[in-house]
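Asker: I have a structure here, written as structure tokens, and I will follow up with some questions on it.
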Amino acid sequence: MSSPDGAGASQTLAVIDFETTGMSPGMGARATEIAAVLVRNGQIVGRYQSLMRSGAWVPPFITQLTGISNAMLEAAPAAAEVMREVGEFIGDAPLVAHNAAFDRGFWRAECERADVAPPPVDSGFACTLLLARRLYPEAPNHRLGTLKAFHELPDAGRAHRALADAEVTAHLLLRMQRDVERRFEDQIGEEGATHALLLKLQRAPRQRLGDCVRAHRVVCAA
DNA sequence: TGCCAGGCCCTCTTTAGGGCCTT
């Protein structure tokens, strides 16, 4: 049997999280911190975290939210240097984030500014927010902090810091992979809940997740 | 703190509007 992404149980996924000065790079917001957590074989196998000096001003409410100040960024490595470093750390591992649309926007913008090619984005960006809405409709809401409490995930430190949020997202991803494999045990096959399957599930109608897994299996077996 | 934006989902929809989630 083969998997369309060439992966199996040992597939390495990269969970990333940005802290930023605002909501949209299109409105001038810049990244202030990035973290990447590698997961493989059901566990965290690598961590990267760095503040990023872009020259952008950090608003007071962002400092209050994240603990990241303008003074901290003055001593941080340049944003372009950090993006090159994190790109090397991640390699060709497929990406995952909570509300991936947000992190994808900053990933693309900061890669472009740093003149770094962003190949992992082209292989798809799995989103634990979209997956949580499908897998856990009974959760009070699908914010990262709520899902952490809902599943009693391990504490990773201060929320709204990149590494802590990336680690919580990584634990959520691992929980989701286990739940998908358990829930669709009869259909899922040996490769398990791969990145390719998660990309399909996050777009599938909530009531037809089983059909999605079966259809994925047919593609894998072809 | 809650706007801003962007992408997505849901429904009182589809020639739309409102809510969720991220910093």
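Each chain in the structure tokens gets a letter, A, B and so on, in the order shown; residues start at 1 in every chain, and ligands are counted from 1 in the order they appear.
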Define the interface residues of chain B facing chain A as those within 12 Å, counting only C-alpha atoms (C1' of nucleotides), and report them as a list in words.
Answerer: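 Output check: DT1, DG2, DC3, DC4, DA5, DG6, DG7, DC8, DC9, DC10, DG19, DC20, DC21, DT22 and DT23 of chain B.
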Asker: Need the shell around stretch 173-178 of chain A: protein/DNA/RNA residues with any atom at most 12 Å away, counting only C-alpha atoms (C1' of nucleotides). Skip same-chain ones fewer than 6 positions apart. Format as a PyMOL selection string?
Answerer: chain A and resi 9+11-16+37-44+95-98+126-136+144+147-148+150-154+166-167+184-185+188+191-198+201-202
Asker: Mind pulling up the distance from atom CA of A:Arg104 to atom CA of A:Arg84?
Answerer: 16.1 Å
Asker: Give the strand (DSSP E) residues of stretch 50-143 of chain A, as DSSP finds them on the backbone, and put them as a PyMOL selection string.
Answerer: chain A and resi 50-51+95-97+125-127
Asker: Apply DSSP to the backbone of this structure and, from stretch 16-197 of chain A, keep only the residues in alpha helix (DSSP H); write these as an MDAnalysis selection string.
Answerer: chainID A and resid 60:66 70:74 79:90 100:114 119:122 128:135 144:150 162:183 185:188 195:197
Asker: Write out as number ranges by chain the residues lying within 12 Å of A:Ala114, counting only C-alpha atoms (C1' of nucleotides) and excluding same-chain residues fewer than 6 positions away.
Answerer: A: 52, 54, 78-87, 106-108
